[in-house]
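Notes for the one structure printed next.
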Amino acid sequence: MQRRTFNKVLGSGLLVAASPSLIKGLLFANDGTLFASYERALLVDEKGEPVRLGALTTEVPYVFHYPHIATPCFLIKLPEPLKQEVALKSSSGETYLWKGGVGKEKNVVAFSAICSHALTHPNPEDSFITYVPKGGQTMAYDKGGVVVCSSHLSAFDPKQGAKSVAGEAKDPLASIVLEYDEANDKVYASGVLGVEMFHQYFRIFRPQLADRFQSARKARQLVKVSTATVTLSAFTKEIIQY
Amino acid sequence: MITLALAMILSTALSAAQYTKKERLEDMRAMTNALGHMQKTLVGQCKTCLYKGAEELVLALRALDSVDVEDYLPKEQASAHKFATKTAKSIKVYTKAMVKAYDEKDYFEAIDMYGLILNQCASCHMRVRDWNK
């Protein structure tokens, strides 16, 4: 998302606060429940340097955590620009607009890496969810270029806002709102759009998260200032993809 | 050292080969019975059944984590073996958490963990047994 567009969203939020009836027209979701803004966090690499979109490898999934320190997200640079808005619908019928890619070429996207079906997600031990490049093969879908959850074989199309295109998942993956600072080639995460599964995630995985973060409460801490971004293969020991 | 490694590989291979369908069904049945024991505690019928059930459940999980799952899964689902193994690991985590919660008299937490164990069972059956089709 460009700064100007981001400011529009922010302005919309302020207007909505003043008059909730404006939600439908100005905010992405028609009842305001499918958009949440969080503290803006700069995406940085393992050395703490800002992630440069130009330096990202195309079709390689990167992982960062947002808006909580334990909620993983994918950052993907796709091979083609994504300039079109896409209207998405949640399983409960709410609609919202996904604004496409960011960056000079409008081809960088970010989504929650928590599957909207059974909450499969990457963790340091393994990842049953990943992005399958365009030329790749998967049991879940008839072509690559999709995010595949190999737990129950759901597929999501990142070109369409991570809409579910195969499998049992009914909701798209939640989108992470990116704000791109073109002058400095920096990218920030600033919100979540769509059906986020964080509440269920923290409930279902609390023993595992407590083990990894010392306590389940600590795992819920919100990301502040910056968030480390690494390739999925660097983040996890094993990527399982069918 | 090499001999020991070879012996271990051979032993694992033999145990996988010897794990018959009958044994697998017995293990699955043992898991169901174990869950029944654990539930008896939750509904107040038997205070110590949870411990017995938890022990039996973890033991029966050998069907998923100490035998080569790939060998006995249906051919079209053989690729799901890592998922089945991960499920076994999750069931152990939730079983341990359930017992801990019960010991701490946090009964709602124990009930919740029991639900998550069932959820894992169903999740694996959905994938391996194609419940969705």
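Identifiers in the structure tokens: chain A, B, ... in order shown; residue index from 1 per chain; ligand index from 1 in order shown.
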Expected answer as number ranges by chain: chain A residues within 9 Å of chain B, only C-alpha atoms: A: 118, 128, 150-153, 168, 204, 207-208, 240, 242
May I have the residues from that selection written out with N, CA and C atoms, as a PDB file, in the first residue's frame?
```pdb
ATOM      1  N   ALA A 118      -7.757 -25.061   9.461  1.00  0.00           N
ATOM      2  CA  ALA A 118      -7.452 -25.697  10.748  1.00  0.00           C
ATOM      3  C   ALA A 118      -6.250 -25.055  11.437  1.00  0.00           C
ATOM      4  N   PHE A 128       3.775 -26.842   7.438  1.00  0.00           N
ATOM      5  CA  PHE A 128       2.950 -27.551   6.467  1.00  0.00           C
ATOM      6  C   PHE A 128       2.284 -26.567   5.506  1.00  0.00           C
ATOM      7  N   SER A 150      -0.652 -27.986   3.416  1.00  0.00           N
ATOM      8  CA  SER A 150      -0.601 -29.429   3.151  1.00  0.00           C
ATOM      9  C   SER A 150      -1.203 -30.260   4.282  1.00  0.00           C
ATOM     10  N   SER A 151      -1.730 -29.621   5.313  1.00  0.00           N
ATOM     11  CA  SER A 151      -2.407 -30.400   6.354  1.00  0.00           C
ATOM     12  C   SER A 151      -3.658 -31.051   5.769  1.00  0.00           C
ATOM     13  N   HIS A 152      -4.541 -30.238   5.215  1.00  0.00           N
ATOM     14  CA  HIS A 152      -5.763 -30.769   4.615  1.00  0.00           C
ATOM     15  C   HIS A 152      -5.914 -30.345   3.157  1.00  0.00           C
ATOM     16  N   LEU A 153      -4.805 -29.903   2.569  1.00  0.00           N
ATOM     17  CA  LEU A 153      -4.740 -29.587   1.137  1.00  0.00           C
ATOM     18  C   LEU A 153      -5.677 -28.453   0.700  1.00  0.00           C
ATOM     19  N   GLU A 168     -10.719 -27.342   1.907  1.00  0.00           N
ATOM     20  CA  GLU A 168     -11.799 -27.107   2.863  1.00  0.00           C
ATOM     21  C   GLU A 168     -11.857 -25.690   3.404  1.00  0.00           C
ATOM     22  N   ILE A 204      -6.104 -22.543  20.707  1.00  0.00           N
ATOM     23  CA  ILE A 204      -5.782 -23.928  20.342  1.00  0.00           C
ATOM     24  C   ILE A 204      -4.311 -24.276  20.600  1.00  0.00           C
ATOM     25  N   PRO A 207      -0.675 -24.524  24.656  1.00  0.00           N
ATOM     26  CA  PRO A 207       0.425 -25.297  25.262  1.00  0.00           C
ATOM     27  C   PRO A 207       1.727 -25.162  24.463  1.00  0.00           C
ATOM     28  N   GLN A 208       1.608 -25.232  23.147  1.00  0.00           N
ATOM     29  CA  GLN A 208       2.803 -25.132  22.302  1.00  0.00           C
ATOM     30  C   GLN A 208       3.426 -23.732  22.390  1.00  0.00           C
ATOM     31  N   ILE A 240       7.040 -28.975   4.701  1.00  0.00           N
ATOM     32  CA  ILE A 240       6.364 -30.165   4.172  1.00  0.00           C
ATOM     33  C   ILE A 240       5.307 -29.681   3.173  1.00  0.00           C
ATOM     34  N   TYR A 242       2.898 -30.941  -0.133  1.00  0.00           N
ATOM     35  CA  TYR A 242       2.390 -31.989  -1.026  1.00  0.00           C
ATOM     36  C   TYR A 242       1.660 -31.378  -2.208  1.00  0.00           C
TER      37      TYR A 242
END
```
Find the spatial neighbours of Ser112 (chain A), counting only C-alpha atoms, within a cut-off of 8 Å - ignore same-chain residues fewer than 4 positions away - and output them as a PyMOL selection string. chain A and resi 71-74+173-176+196
Can you spit out the residues from that selection as an mmCIF file, in the first residue's frame, using C-alpha atoms?
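Printed below is result.cif as written:
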```cif
data_model
loop_
_atom_site.group_PDB
_atom_site.id
_atom_site.type_symbol
_atom_site.label_atom_id
_atom_site.label_comp_id
_atom_site.auth_asym_id
_atom_site.auth_seq_id
_atom_site.Cartn_x
_atom_site.Cartn_y
_atom_site.Cartn_z
ATOM 1 C CA THR A 71 1.475 -14.815 14.650
ATOM 2 C CA PRO A 72 3.416 -15.672 11.482
ATOM 3 C CA CYS A 73 2.838 -13.995 8.126
ATOM 4 C CA PHE A 74 4.104 -14.578 4.628
ATOM 5 C CA LEU A 173 -6.033 -15.902 4.426
ATOM 6 C CA ALA A 174 -6.118 -12.604 6.290
ATOM 7 C CA SER A 175 -4.179 -9.891 4.458
ATOM 8 C CA ILE A 176 -1.488 -7.926 6.175
ATOM 9 C CA GLU A 196 -7.990 -13.157 11.181
#
```
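Between Gly136 (chain A) and the residues A:Val148, A:Val177, A:Ala183, A:Ala210, the shortest atom-to-atom distance, using only C-alpha atoms, involves A:Val148.
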Using only C-alpha atoms, determine which residues lie at most 8 Å from Phe235 (chain A), disregarding the query and same-chain residues fewer than 6 positions distant; provide the list as a list in words. Val63, Asn123 and Pro124 of chain A
Would you kindly return, as a PyMOL selection string, each protein, DNA or RNA residue with an atom no farther than 7 Å from any atom of region 53-58 of chain A, considering only C-alpha atoms and excluding same-chain residues fewer than 2 positions away? chain A and resi 51+60+77-79+103+185
Find the residue from A:Tyr131, A:Phe111, A:Phe202, A:Tyr188 that sits nearest to Arg52 (chain A); use only C-alpha atoms when measuring. A:Tyr188
What are the DSSP helix (DSSP H, G or I) residues of region 11-134 of chain A, as a PyMOL selection string? chain A and resi 11-18+20-26+53-55
Picked from region 20-237 of chain A by DSSP as strand (DSSP E or B), as a VMD selection string: chain A and resid 35 to 44 50 62 to 65 68 72 to 77 86 to 89 95 to 98 102 108 to 112 127 129 to 132 146 to 149 154 to 157 163 to 166 175 to 181 186 to 193 222 226 to 228 230 to 231
Residue neighbourhood Gly167 (chain A), 8 Å, only C-alpha atoms, exclusion window fewer than 2 positions, as a tab-separated table (two decimals) with N, CA and C atoms, in the first residue's frame:
```tsv
chain	number	residue	atom	x	y	z
A	140	ALA	N	-2.80	-30.12	-3.93
A	140	ALA	CA	-3.97	-29.34	-3.53
A	140	ALA	C	-4.66	-28.63	-4.69
A	152	HIS	N	-4.54	-30.24	5.22
A	152	HIS	CA	-5.76	-30.77	4.61
A	152	HIS	C	-5.91	-30.34	3.16
A	153	LEU	N	-4.80	-29.90	2.57
A	153	LEU	CA	-4.74	-29.59	1.14
A	153	LEU	C	-5.68	-28.45	0.70
A	154	SER	N	-5.53	-27.34	1.37
A	154	SER	CA	-6.22	-26.12	0.91
A	154	SER	C	-5.22	-25.29	0.12
A	155	ALA	N	-5.75	-24.53	-0.84
A	155	ALA	CA	-4.89	-23.64	-1.63
A	155	ALA	C	-5.50	-22.24	-1.67
A	164	SER	N	-9.49	-18.46	-1.09
A	164	SER	CA	-9.40	-19.92	-1.08
A	164	SER	C	-9.83	-20.46	-2.44
A	165	VAL	N	-8.97	-21.22	-3.08
A	165	VAL	CA	-9.30	-21.74	-4.42
A	165	VAL	C	-9.42	-23.28	-4.43
A	169	ALA	N	-10.80	-24.93	3.22
A	169	ALA	CA	-10.79	-23.56	3.77
A	169	ALA	C	-11.88	-22.73	3.11
```
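For the set A:Leu232, A:Leu193, A:Val86, A:Leu209, the residue with the smallest atom-to-atom gap to Ser37 (chain A) is A:Leu193, counting only C-alpha atoms.
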Tell me which protein, DNA and RNA residues are within 9 Å of Glu39 (chain A), counting only C-alpha atoms, leaving out same-chain ones fewer than 4 positions away, and put them as a PDB file with N, CA and C atoms, in the first residue's frame.
```pdb
ATOM      1  N   PRO A  67       0.315  -9.267  13.793  1.00  0.00           N
ATOM      2  CA  PRO A  67       0.599  -8.155  14.701  1.00  0.00           C
ATOM      3  C   PRO A  67       1.119  -8.617  16.062  1.00  0.00           C
ATOM      4  N   ALA A 189       4.381  -3.035   8.089  1.00  0.00           N
ATOM      5  CA  ALA A 189       3.079  -3.681   8.294  1.00  0.00           C
ATOM      6  C   ALA A 189       2.290  -2.753   9.205  1.00  0.00           C
ATOM      7  N   SER A 190       1.015  -2.588   8.886  1.00  0.00           N
ATOM      8  CA  SER A 190       0.266  -1.618   9.704  1.00  0.00           C
ATOM      9  C   SER A 190      -1.149  -2.070  10.054  1.00  0.00           C
ATOM     10  N   GLY A 191      -1.580  -3.203   9.564  1.00  0.00           N
ATOM     11  CA  GLY A 191      -2.932  -3.626   9.902  1.00  0.00           C
ATOM     12  C   GLY A 191      -3.243  -5.002   9.355  1.00  0.00           C
ATOM     13  N   LEU A 222       2.106  -7.675  21.337  1.00  0.00           N
ATOM     14  CA  LEU A 222       2.044  -7.072  20.010  1.00  0.00           C
ATOM     15  C   LEU A 222       3.441  -6.669  19.544  1.00  0.00           C
ATOM     16  N   VAL A 223       3.630  -6.774  18.243  1.00  0.00           N
ATOM     17  CA  VAL A 223       4.903  -6.364  17.643  1.00  0.00           C
ATOM     18  C   VAL A 223       5.043  -4.852  17.779  1.00  0.00           C
ATOM     19  N   LYS A 224       6.210  -4.413  18.127  1.00  0.00           N
ATOM     20  CA  LYS A 224       6.455  -2.970  18.233  1.00  0.00           C
ATOM     21  C   LYS A 224       7.694  -2.603  17.407  1.00  0.00           C
ATOM     22  N   VAL A 225       7.621  -1.499  16.755  1.00  0.00           N
ATOM     23  CA  VAL A 225       8.731  -0.870  16.013  1.00  0.00           C
ATOM     24  C   VAL A 225       9.135  -1.663  14.763  1.00  0.00           C
TER      25      VAL A 225
END
```
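Of note, CA of Ser233 (chain A) and CA of Pro133 (chain A) are spaced 14.2 Å apart.
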Using only C-alpha atoms, which of B:Ala88, B:Val69, B:Leu25, B:Ala54 sits nearest His37 (chain B)? B:Ala54
